[in-house]
Structure formats: C-alpha cells, structure tokens
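> work.cif (mmCIF, C-alpha atoms) pasted underneath:
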data_run
loop_
_atom_site.label_atom_id
_atom_site.label_comp_id
_atom_site.auth_asym_id
_atom_site.auth_seq_id
_atom_site.Cartn_x
_atom_site.Cartn_y
_atom_site.Cartn_z
CA MET I 1 3.72 10.38 17.79
CA ASP I 2 5.97 9.92 20.83
CA VAL I 3 7.60 13.15 22.02
CA THR I 4 10.04 13.12 24.94
CA PHE I 5 10.52 16.46 26.70
CA ILE I 6 13.68 17.14 28.72
CA ASP I 7 14.02 19.81 31.40
CA HIS I 8 16.99 20.11 33.76
CA THR I 9 14.74 21.07 36.70
CA SER I 10 11.26 20.31 37.95
CA ASP I 11 11.10 23.52 40.00
CA MET I 12 8.31 25.66 38.61
CA GLY I 13 9.36 28.64 36.54
CA GLY I 14 7.99 30.14 33.36
CA ALA I 15 9.62 27.47 31.18
CA GLU I 16 8.17 24.68 33.32
CA HIS I 17 4.67 26.18 33.23
CA ASN I 18 5.08 26.38 29.48
CA LEU I 19 6.14 22.73 29.25
CA LEU I 20 3.20 21.63 31.40
CA ASN I 21 0.67 23.54 29.29
CA LEU I 22 2.17 22.43 25.98
CA ALA I 23 2.47 18.74 26.88
CA THR I 24 -1.09 18.70 28.23
CA THR I 25 -2.54 20.26 25.10
CA LEU I 26 -0.49 18.13 22.72
CA LYS I 27 -1.75 15.04 24.53
CA LEU I 28 -5.30 16.12 23.72
CA LEU I 29 -4.23 16.42 20.07
CA GLY I 30 -2.98 12.82 19.95
CA VAL I 31 0.69 13.24 20.85
CA ARG I 32 2.10 10.82 23.45
CA PRO I 33 4.26 13.04 25.70
CA ARG I 34 6.85 11.89 28.22
CA VAL I 35 8.93 14.16 30.43
CA LEU I 36 12.47 13.51 31.64
CA THR I 37 13.48 15.80 34.49
CA THR I 38 15.10 15.93 37.92
CA PRO I 39 13.06 15.07 41.02
CA GLY I 40 11.77 17.25 43.82
CA GLY I 41 9.95 20.13 42.15
CA GLY I 42 6.32 21.05 41.66
CA LEU I 43 6.30 20.07 38.00
CA VAL I 44 6.31 16.36 38.91
CA ALA I 45 2.97 16.33 40.73
CA ARG I 46 1.36 18.56 38.12
CA LEU I 47 2.37 16.22 35.31
CA ALA I 48 1.20 13.18 37.26
CA ALA I 49 -2.18 14.83 37.85
CA ARG I 50 -2.55 15.14 34.08
CA GLU I 51 -1.40 11.55 33.54
CA ILE I 52 1.73 12.52 31.66
CA PRO I 53 4.56 10.00 32.29
CA VAL I 54 7.57 11.38 34.16
CA GLU I 55 11.00 9.78 34.51
CA PHE I 56 14.01 11.13 36.37
CA PHE I 57 17.69 11.63 35.69
CA ALA I 58 20.35 12.66 38.17
CA LEU I 59 21.84 16.16 38.12
CA PRO I 60 23.23 17.44 41.44
CA GLU I 61 22.10 20.86 42.65
CA ARG I 62 25.58 22.36 42.29
CA THR I 63 25.34 21.79 38.53
CA ARG I 64 21.60 22.16 38.10
CA PHE I 65 21.75 25.71 39.45
CA VAL I 66 24.88 26.95 37.70
CA GLY I 67 24.00 30.44 36.46
CA ARG I 68 24.67 31.67 32.97
CA GLU I 69 26.75 34.40 34.58
CA GLN I 70 29.34 31.67 35.16
CA LEU I 71 29.70 30.97 31.44
CA GLY I 72 32.42 32.68 29.46
CA SER I 73 36.12 32.67 30.18
CA GLY I 74 35.69 30.13 32.99
CA LEU I 75 33.59 27.70 30.96
CA VAL I 76 36.34 25.13 30.33
CA ARG I 77 37.27 25.03 34.01
CA LEU I 78 33.62 24.80 35.04
CA VAL I 79 32.92 21.92 32.66
CA ALA I 80 36.01 20.08 33.91
CA GLU I 81 34.87 20.48 37.52
CA ARG I 82 31.35 19.26 36.78
CA LEU I 83 32.23 16.59 34.21
CA PRO I 84 31.13 13.66 36.43
CA ASP I 85 27.74 15.34 37.02
CA LEU I 86 27.27 16.05 33.32
CA ALA I 87 28.38 12.59 32.21
CA GLY I 88 25.99 10.94 34.65
CA ALA I 89 23.05 13.02 33.43
CA VAL I 90 23.83 12.30 29.78
CA ARG I 91 24.15 8.60 30.54
CA ASP I 92 20.75 8.53 32.30
CA LEU I 93 19.11 10.46 29.49
CA ARG I 94 20.58 8.30 26.75
CA ARG I 95 19.39 5.19 28.56
CA ALA I 96 15.87 6.65 28.76
CA LEU I 97 15.86 7.69 25.10
CA THR I 98 16.89 4.24 23.89
CA ALA I 99 14.61 2.27 26.22
CA LYS I 100 11.32 3.37 24.64
CA PRO I 101 10.12 4.56 21.23
CA VAL I 102 10.91 8.24 20.65
CA ASP I 103 9.94 10.15 17.52
CA ILE I 104 11.16 13.57 18.70
CA VAL I 105 13.26 14.83 21.62
CA GLN I 106 12.31 18.34 22.72
CA THR I 107 14.50 20.19 25.21
CA ASN I 108 13.12 22.95 27.41
CA SER I 109 16.03 24.90 28.95
CA LEU I 110 19.59 25.91 28.10
CA LYS I 111 21.07 23.13 30.22
CA ALA I 112 18.57 20.68 28.73
CA HIS I 113 19.57 21.74 25.20
CA VAL I 114 23.14 20.73 25.98
CA LEU I 115 22.43 17.55 27.95
CA GLY I 116 19.61 16.41 25.66
CA SER I 117 21.66 17.02 22.53
CA LEU I 118 24.58 15.00 23.86
CA ALA I 119 22.21 12.20 24.87
CA ALA I 120 20.46 12.16 21.47
CA TRP I 121 23.68 12.49 19.45
CA GLY I 122 24.09 9.46 17.21
CA THR I 123 20.64 7.99 17.95
CA GLY I 124 19.03 9.37 14.82
CA VAL I 125 16.16 10.89 16.83
CA PRO I 126 15.28 14.44 15.67
CA VAL I 127 15.89 17.16 18.26
CA VAL I 128 13.82 20.29 18.85
CA TRP I 129 15.08 23.05 21.13
CA HIS I 130 12.30 25.10 22.72
CA LEU I 131 14.38 28.21 23.31
CA GLN I 132 12.98 30.33 26.15
CA ASP I 133 16.00 32.48 27.02
CA LEU I 134 17.99 35.35 25.60
CA VAL I 135 21.19 33.36 25.31
CA THR I 136 23.61 36.29 25.36
CA GLU I 137 22.07 37.93 28.43
CA ARG I 138 23.72 37.35 31.80
CA GLY I 139 26.47 35.21 30.30
CA ASN I 140 26.91 34.27 26.65
CA GLY I 141 25.67 30.74 25.97
CA ARG I 142 25.72 31.12 22.20
CA PRO I 143 29.09 29.42 21.50
CA LEU I 144 28.06 26.35 23.49
CA LEU I 145 24.73 26.13 21.65
CA GLU I 146 26.48 26.51 18.30
CA LEU I 147 28.66 23.52 19.21
CA MET I 148 25.63 21.44 20.19
CA ALA I 149 23.81 22.46 17.01
CA ALA I 150 26.73 21.17 14.95
CA LEU I 151 26.28 17.77 16.61
CA VAL I 152 22.51 17.23 16.28
CA GLN I 153 21.25 19.80 13.74
CA PRO I 154 18.22 20.74 15.87
CA ARG I 155 15.09 22.56 14.83
CA ILE I 156 14.85 25.62 17.09
CA VAL I 157 11.60 27.14 18.30
CA CYS I 158 11.91 30.58 19.91
CA ILE I 159 9.25 32.05 22.17
CA SER I 160 9.72 35.55 20.76
CA GLY I 161 11.33 37.39 17.89
CA ALA I 162 13.75 38.92 20.39
CA VAL I 163 14.98 35.45 21.40
CA ARG I 164 15.49 34.51 17.74
CA ALA I 165 17.37 37.72 16.97
CA ASP I 166 19.65 37.11 19.95
CA LEU I 167 20.80 33.77 18.53
CA GLY I 168 23.05 35.20 15.87
CA PRO I 169 22.83 34.30 12.16
CA ARG I 170 24.02 30.68 12.31
CA LEU I 171 21.47 29.54 14.89
CA ALA I 172 18.72 31.92 13.77
CA ALA I 173 18.76 30.26 10.34
CA ARG I 174 17.51 27.09 12.04
CA ALA I 175 14.87 28.88 14.12
CA THR I 176 11.22 29.78 13.94
CA VAL I 177 9.03 31.72 16.36
CA ILE I 178 6.04 30.22 18.13
CA PRO I 179 4.82 32.59 20.87
CA ASN I 180 3.86 31.22 24.24
CA GLY I 181 0.19 30.64 24.83
CA ILE I 182 -2.15 30.09 27.75
CA ASP I 183 -5.57 28.58 28.25
CA ASP I 184 -7.29 31.87 28.97
CA GLY I 185 -10.49 30.06 29.86
CA ALA I 186 -8.68 28.15 32.62
CA ILE I 187 -7.04 31.23 34.17
CA ARG I 188 -9.62 31.90 36.80
CA ALA I 189 -9.30 33.34 40.27
CA ARG I 190 -10.89 31.16 42.94
CA LEU I 191 -10.97 33.94 45.51
CA SER I 192 -12.17 37.51 45.17
CA GLY I 193 -9.69 40.33 45.32
CA GLN I 194 -11.15 41.41 48.64
CA ASP I 195 -10.60 37.93 50.09
CA VAL I 196 -6.97 38.00 49.03
CA ARG I 197 -6.45 41.48 50.42
CA ALA I 198 -8.04 40.49 53.71
CA ALA I 199 -5.75 37.45 53.95
CA PHE I 200 -2.73 39.78 53.78
CA GLY I 201 -4.23 42.39 56.07
CA ILE I 202 -4.66 44.97 53.31
CA PRO I 203 -7.66 47.25 53.97
CA PRO I 204 -10.43 47.50 51.33
CA GLY I 205 -9.99 50.30 48.84
CA VAL I 206 -6.22 50.50 49.27
CA PRO I 207 -4.38 50.65 45.90
CA LEU I 208 -2.43 47.45 45.25
CA VAL I 209 0.21 46.64 42.64
CA GLY I 210 2.28 43.51 42.32
CA ILE I 211 5.14 41.70 40.65
CA VAL I 212 5.30 37.95 39.97
CA ALA I 213 8.85 36.67 39.45
CA HIS I 214 11.63 34.65 41.03
CA LEU I 215 13.70 36.79 43.39
CA ILE I 216 16.71 37.19 41.11
CA PRO I 217 18.45 40.49 40.32
CA TRP I 218 17.58 40.81 36.64
CA LYS I 219 13.86 40.64 37.41
CA GLY I 220 14.17 44.25 38.58
CA HIS I 221 12.47 44.14 41.98
CA ARG I 222 14.75 46.92 43.25
CA HIS I 223 13.49 49.25 40.51
CA LEU I 224 9.91 48.64 41.60
CA LEU I 225 10.81 49.37 45.22
CA ALA I 226 12.38 52.66 44.13
CA ALA I 227 9.23 53.49 42.16
CA LEU I 228 7.08 52.79 45.22
CA ALA I 229 9.17 55.24 47.23
CA ARG I 230 8.52 57.91 44.61
CA LEU I 231 4.77 57.25 44.82
CA GLY I 232 4.64 57.43 48.61
CA GLU I 233 3.54 61.05 48.87
CA THR I 234 0.75 60.79 46.26
CA PHE I 235 -0.41 57.31 47.28
CA PRO I 236 0.55 56.95 50.96
CA THR I 237 -1.47 53.73 51.42
CA LEU I 238 -0.20 52.02 48.24
CA HIS I 239 0.71 48.36 48.89
CA CYS I 240 2.69 45.91 46.76
CA LEU I 241 2.68 42.12 46.60
CA VAL I 242 6.04 40.57 45.68
CA VAL I 243 5.09 37.07 44.54
CA GLY I 244 7.91 34.56 44.06
CA GLY I 245 10.69 32.79 45.87
CA GLU I 246 14.44 32.42 45.78
CA ILE I 247 16.44 29.94 43.76
CA LEU I 248 19.68 28.40 44.94
CA GLN I 249 22.28 30.57 43.24
CA TRP I 250 20.47 33.71 44.41
CA ALA I 251 19.80 32.70 48.00
CA GLY I 252 19.53 35.77 50.23
CA GLN I 253 17.72 37.95 47.68
CA GLN I 254 14.61 38.36 49.81
CA GLN I 255 16.67 39.56 52.75
CA ALA I 256 18.47 42.01 50.47
CA LEU I 257 15.21 43.33 49.02
CA GLU I 258 13.66 43.66 52.47
CA LYS I 259 16.69 45.68 53.54
CA GLU I 260 16.31 47.91 50.48
CA ALA I 261 12.60 48.38 51.21
CA ARG I 262 13.47 49.51 54.75
CA ARG I 263 16.09 51.92 53.41
CA LEU I 264 13.53 53.43 51.05
CA GLY I 265 10.85 53.64 53.76
CA VAL I 266 8.34 51.35 51.98
CA HIS I 267 8.86 48.15 53.97
CA GLY I 268 5.53 48.45 55.80
CA ARG I 269 3.65 48.36 52.50
CA VAL I 270 5.57 45.63 50.65
CA ILE I 271 4.49 42.03 51.25
CA PHE I 272 6.76 39.16 50.21
CA THR I 273 4.51 36.16 49.62
CA GLY I 274 7.13 33.54 48.69
CA LEU I 275 6.33 30.84 46.14
CA ARG I 276 2.59 30.42 45.63
CA ASP I 277 0.30 27.97 43.87
CA ASP I 278 -2.55 30.49 43.74
CA VAL I 279 -0.98 33.12 41.50
CA PRO I 280 -4.23 33.86 39.57
CA ASP I 281 -5.93 34.68 42.87
CA LEU I 282 -3.15 37.11 43.76
CA ILE I 283 -3.13 38.74 40.32
CA ALA I 284 -6.91 39.13 40.52
CA ALA I 285 -6.47 41.22 43.68
CA LEU I 286 -4.12 43.73 41.98
CA ASP I 287 -4.95 47.04 40.38
CA VAL I 288 -1.86 46.81 38.14
CA LEU I 289 0.68 44.08 37.39
CA VAL I 290 4.30 45.18 37.01
CA LEU I 291 7.04 43.46 35.03
CA ALA I 292 10.30 45.25 35.86
CA SER I 293 12.76 42.83 34.23
CA GLU I 294 15.93 43.76 32.43
CA ASN I 295 15.34 42.15 29.01
CA GLU I 296 12.69 39.49 29.66
CA PRO I 297 12.61 36.82 26.90
CA PHE I 298 8.80 36.74 26.95
CA GLY I 299 6.98 37.07 30.28
CA LEU I 300 4.27 34.41 30.59
CA VAL I 301 2.80 36.23 33.59
CA LEU I 302 1.87 39.08 31.23
CA LEU I 303 -0.54 36.77 29.43
CA GLU I 304 -1.99 35.54 32.71
CA ALA I 305 -2.58 39.08 33.93
CA MET I 306 -4.17 40.13 30.64
CA ALA I 307 -6.44 37.08 30.74
CA LEU I 308 -7.58 38.30 34.16
CA GLY I 309 -8.26 41.78 32.80
CA LYS I 310 -5.36 43.56 34.51
CA PRO I 311 -3.44 46.51 33.03
CA LEU I 312 0.32 46.11 32.71
CA VAL I 313 3.31 48.30 33.35
CA ALA I 314 6.31 46.56 31.83
CA THR I 315 9.86 47.31 30.78
CA ARG I 316 10.60 47.84 27.11
CA GLY I 317 13.20 45.09 26.72
CA GLY I 318 13.57 41.61 25.24
CA GLY I 319 10.34 40.10 23.96
CA VAL I 320 7.99 42.23 26.09
CA PRO I 321 7.08 44.75 23.33
CA GLU I 322 5.85 41.79 21.25
CA ILE I 323 3.22 41.14 23.95
CA VAL I 324 2.33 44.46 25.55
CA ARG I 325 0.77 46.96 23.16
CA ASP I 326 1.89 50.29 24.55
CA GLY I 327 -1.09 52.51 25.34
CA GLU I 328 -3.58 49.73 24.59
CA THR I 329 -3.00 46.71 26.87
CA GLY I 330 -0.50 48.42 29.15
CA THR I 331 2.38 50.87 29.31
CA LEU I 332 5.98 50.19 28.33
CA VAL I 333 8.74 51.99 30.25
CA PRO I 334 12.52 52.02 29.87
CA VAL I 335 14.52 49.34 31.65
CA ALA I 336 15.85 50.31 35.10
CA ASP I 337 13.95 53.62 35.22
CA PRO I 338 12.06 53.93 38.54
CA ALA I 339 10.82 57.43 37.68
CA ALA I 340 9.14 56.25 34.47
CA LEU I 341 7.79 53.18 36.26
CA ALA I 342 6.28 55.37 39.00
CA ALA I 343 4.72 57.75 36.48
CA ALA I 344 3.09 54.90 34.56
CA LEU I 345 1.73 53.35 37.73
CA ALA I 346 0.34 56.69 38.85
CA ARG I 347 -1.68 57.08 35.65
CA TYR I 348 -3.46 53.77 36.24
CA LEU I 349 -3.91 54.25 39.98
CA GLU I 350 -5.55 57.64 39.40
CA ASP I 351 -7.96 56.42 36.72
CA PRO I 352 -10.21 53.38 37.37
CA ARG I 353 -11.80 53.74 33.94
CA LEU I 354 -8.39 53.55 32.25
CA ARG I 355 -7.59 50.41 34.25
CA GLN I 356 -10.83 48.80 33.10
CA GLN I 357 -10.40 49.75 29.43
CA THR I 358 -6.80 48.57 29.37
CA GLY I 359 -7.66 45.32 31.11
CA GLU I 360 -10.46 44.58 28.64
CA ALA I 361 -8.13 45.22 25.69
CA GLY I 362 -5.58 42.83 27.19
CA ARG I 363 -8.15 40.10 27.71
CA ALA I 364 -9.24 40.39 24.07
CA LEU I 365 -5.64 40.27 22.81
CA VAL I 366 -4.84 37.08 24.71
CA ALA I 367 -7.92 35.37 23.29
CA ARG I 368 -7.05 36.49 19.78
CA ARG I 369 -3.27 36.09 19.68
CA PHE I 370 -1.89 34.02 22.55
CA GLY I 371 -4.11 30.96 22.93
CA LEU I 372 -2.64 27.66 24.04
CA GLN I 373 -4.31 25.89 21.13
CA GLN I 374 -2.50 28.19 18.70
CA MET I 375 0.82 27.44 20.35
CA ALA I 376 0.23 23.68 20.34
CA ALA I 377 -0.90 23.75 16.71
CA GLY I 378 2.39 25.42 15.76
CA PHE I 379 4.38 22.64 17.42
CA LEU I 380 2.21 19.92 15.92
CA SER I 381 2.78 21.38 12.45
CA LEU I 382 6.53 21.37 13.10
CA TYR I 383 6.47 17.74 14.27
CA LYS I 384 4.62 16.69 11.14
CA ALA I 385 7.15 18.52 8.95
CA ILE I 386 9.99 16.74 10.76
CA ALA I 387 8.29 13.38 10.27
CA LEU I 388 8.04 14.02 6.52
CA GLY I 389 11.79 14.62 6.39
CA PRO I 390 13.84 17.05 4.25
#
Take the structure from the file and write it as structure tokens.

Amino acid sequence: MDVTFIDHTSDMGGAEHNLLNLATTLKLLGVRPRVLTTPGGGLVARLAAREIPVEFFALPERTRFVGREQLGSGLVRLVAERLPDLAGAVRDLRRALTAKPVDIVQTNSLKAHVLGSLAAWGTGVPVVWHLQDLVTERGNGRPLLELMAALVQPRIVCISGAVRADLGPRLAARATVIPNGIDDGAIRARLSGQDVRAAFGIPPGVPLVGIVAHLIPWKGHRHLLAALARLGETFPTLHCLVVGGEILQWAGQQQALEKEARRLGVHGRVIFTGLRDDVPDLIAALDVLVLASENEPFGLVLLEAMALGKPLVATRGGGVPEIVRDGETGTLVPVADPAALAAALARYLEDPRLRQQTGEAGRALVARRFGLQQMAAGFLSLYKAIALGP
C-alpha cells in the first residue's frame, strides 16, 4: 500500500515527530510511505536516515507561518493576498500525487488538510486527515475544514477525544480517535541527569523542573515563571529548563519571557536552552516535567516524560486529562493558575518517594496504553477498511 503524507512544514514540532514515528512504524508493517513537505527543517534529515522518500513543494514562509489567530473575519482577504502562494503549493502537490501510485493521501496539519484536499480533489485518491489540533482554539478553522470535507469526503483521525469533540457534529461524524503513541523502548537518555546538570552549570542536588514546548504564548511559559516566583522562598535553589525555540510568527518570545523572568526575580534560575535534539537527555535530568498549555490537543512530550519515569504537572485542558491520570501518573491543575501549579510542584519536590512512585506508574501506563505499535495498528486497520470501500 502506497501512502503519501503531506505536511506544510518540515520544522520539528509535535505533529512532525508524530509523522516521523508513524511513517517509520508503518514501513515496518509493509506500507510504502512517502512524505511531501517544504524544505529546510529537521524532519527532512530524519526521514532520509530512515530511508523514507521525501519530496518538496513550495510554500513561502509568509504563508507557511500564518497563525490560526489570523483566521476569522479576515479570512477572505488573507486568502486573496496569499492566493499565488496557495495555488503554487496545490499545483506542486497535485503534480506529485499524479506522478506516482498513491493509494491514500494523509495530511498532517491544518494547512496540509486544506492544501492536500485541494490537490487530491478529483483524483479519486482517498484522503485521511490526521487531526492534531483543537480547530476552534486560537482562531476558528472549522468552517474552512467543513468546506474541504465537502470536496473530498475525508476520513478523519483525531489524536484525542477532545480534538474530536471540538470538530462539531458534521466533522465529528466522519472522525475516529487514535491516540498518539511512542516507542517507549527507544526513549532513552544518553547522558545521566548529573551530566546534563553539569553542562548547564546546575549544582548536584539542586531541584530542577522543566517545560518542553515551542516559545508561543498559549504554551503557558509565563504561568510557569509565575509559579517559580511563588516557590522561591521554599525552594531558593530551584532551577528550570525551558526547552524549545521560537517560530516565525512569534519571534521575540524568548526576549519577552526573559524580561518577565527578570521582573519576577527568577531569571538567574531559568535556563532557555533553545531547540534541542537531545530532549530525552534533558527530561531525564528533571525532577518534574511541566505542561502549562492553555488547552493542549494532546501533548506528546507527556508520553516521553512518562516513558522516562518522570512525574507530570499539567494543565487540565484539551486532551491532557486523557493522558495524565490525576494523582497516579501526575497532577492536573487548572489552566493559567500559577498558585495551583506551584502547589503541585511543591508536593513532588518535597517528596522523592512520591516522585518515584508517580514516575513508575507513568512508565507502566505508556507501555500499556500509548505504544507506537498500537497507534500504527489503528491506522493500518483504517487503511484496510478504506481499501475495501463502502
């Protein structure tokens, strides 16, 4: 079976990690994957290393990095302004889809759902949307997706029940849920936690928490900084790793967060690492991983941290409660509540035994519920159903 995946960017985010893991595993199960994306990002080399064919289409940065916040009343004007960019991308994609055998087209991002659907329209090739966003958050993309769905009648796979519920009844009727999965056996730290701490100049024995996310406002970094300020008196040596970089439409976020850290008096204990390829090493050095997002669709990093035996403090929004079992594999706190975030962190920082028990429960849950093989098997079953027809 030939499956062509489309992603509007090759910069590594959660959706791109997901695509890489899924395509790799499906290849082992006999699927012939091919990826169509834009050049320049880390996904390209990773796919090449796994001998998965990659082809490129053109999509200028000004359109590639349009935020969902720009959708809504200005959508018609925005589409008119970017029509040459969009038309060129659709033309490239359609050429690629008709040049080689394709049994299924699977799109991997909101922009890819639109571009891939327009490219596949009229070809007769079945379309699968791998929906990895809450489409009404930060700009309502639902009307545009409903229009695309009318064109190509896609099968929709949602990464969480929260994502499916957010679609509305018309799209949700076409959707199923296949949770993200990871190869928990492959999530291994190469360096010890002490080695990582030493590399950042963090003394042994100092409590260390961290957040792994792009530096964009809805990821909630500012709430974590406020929580750190509240913990300063009880844990005066507490350090925090902020792992992740900026993306184009949010350029300047690190500078803004550094300014906020100085205002709160925690700047000397907050380390901004930028984009990293050694995220498991950094997670392994933490006492607790924090997810502070405002309505996260899923949170792949939660699985990675659990696989490494780390307790979680995460916001109770989006798909997160479907992953984090409150009081068992971590603690759920309200969105945008630094006081609750600080209190949850304090409980883990004060109790090494609780950290160990919680981490062990998380590791067991990942192995039982969120394996990459389980995720891939769900997609393979869907492909086979599509091949059999109505």
> For the structure shown, which residues end up in the PyMOL selection byres ((chain I and resi 353-360) around 7)? Put them as a PyMOL selection string, please?
chain I and resi 306+309-311+328-330+348+351-352+361-364
> Find the residue from I:Asp2, I:Asp326, I:Asp11, I:Glu146 that sits nearest to I:Arg34; use all atoms listed in the file when measuring.
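Closest to I:Arg34, using all atoms listed in the file: I:Asp2.
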> For atom CA of I:Leu289 and atom CA of I:Asn21, quote the distance in Å rounded to one decimal.
22.1 Å
> Skip I:Leu191 itself and residues of its chain fewer than 5 positions away, then list as a VMD selection string all residues within 12 Å of it, counting only C-alpha atoms.
chain I and resid 196 to 199 278 to 285
> My list of candidates is I:Ala120, I:Leu19, I:Leu171, I:Ala58. Which is closest to I:Arg46 when distances are computed with only C-alpha atoms?
I:Leu19
> For the structure provided, state which residues fall under the PyMOL selection byres ((chain I and resi 165) around 12), and present them as a list in words.
Leu131, Asp133, Leu134, Val135, Thr136, Arg142, Cys158, Ile159, Ser160, Gly161, Ala162, Val163, Arg164, Asp166, Leu167, Gly168, Pro169, Arg170, Leu171, Ala172, Ala173, Arg174, Ala175, Thr176, Val177, Pro297, Gly318 and Gly319 of chain I
> Which of these, I:Pro60, I:Gly14, I:Pro126, I:Gly116, has the shortest distance to I:Lys384 once you count all atoms listed in the file?
I:Pro126
> Any chance you could work out the residue set of the PyMOL selection byres ((chain I and resi 25) around 12) here, as a PyMOL selection string?
chain I and resi 18-24+26-33+50+52+181-183+371-380
> I need the residue nearest I:Arg188 from this list: I:Cys240, I:Ala49, I:Ala251, I:Ala305. Use only C-alpha atoms for the distance.
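Between I:Cys240, I:Ala49, I:Ala251, I:Ala305, the residue approaching I:Arg188 most closely is I:Ala305.
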> Provide the atom CA of I:Ala99 to atom CA of I:Leu144 distance in Å, to one decimal place.
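According to the coordinates, atom CA of I:Ala99 and atom CA of I:Leu144 are separated by 27.7 Å.
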> Residues within 12 Å of I:Leu147, please, as a list of chain:residue names. Count all atoms listed in the file; anything in the same chain fewer than 6 positions from it doesn't count.
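Answer for this query is I:His113, I:Val114, I:Ser117, I:Leu118, I:Gly141, I:Gln153, I:Pro154, I:Arg170, I:Leu171.
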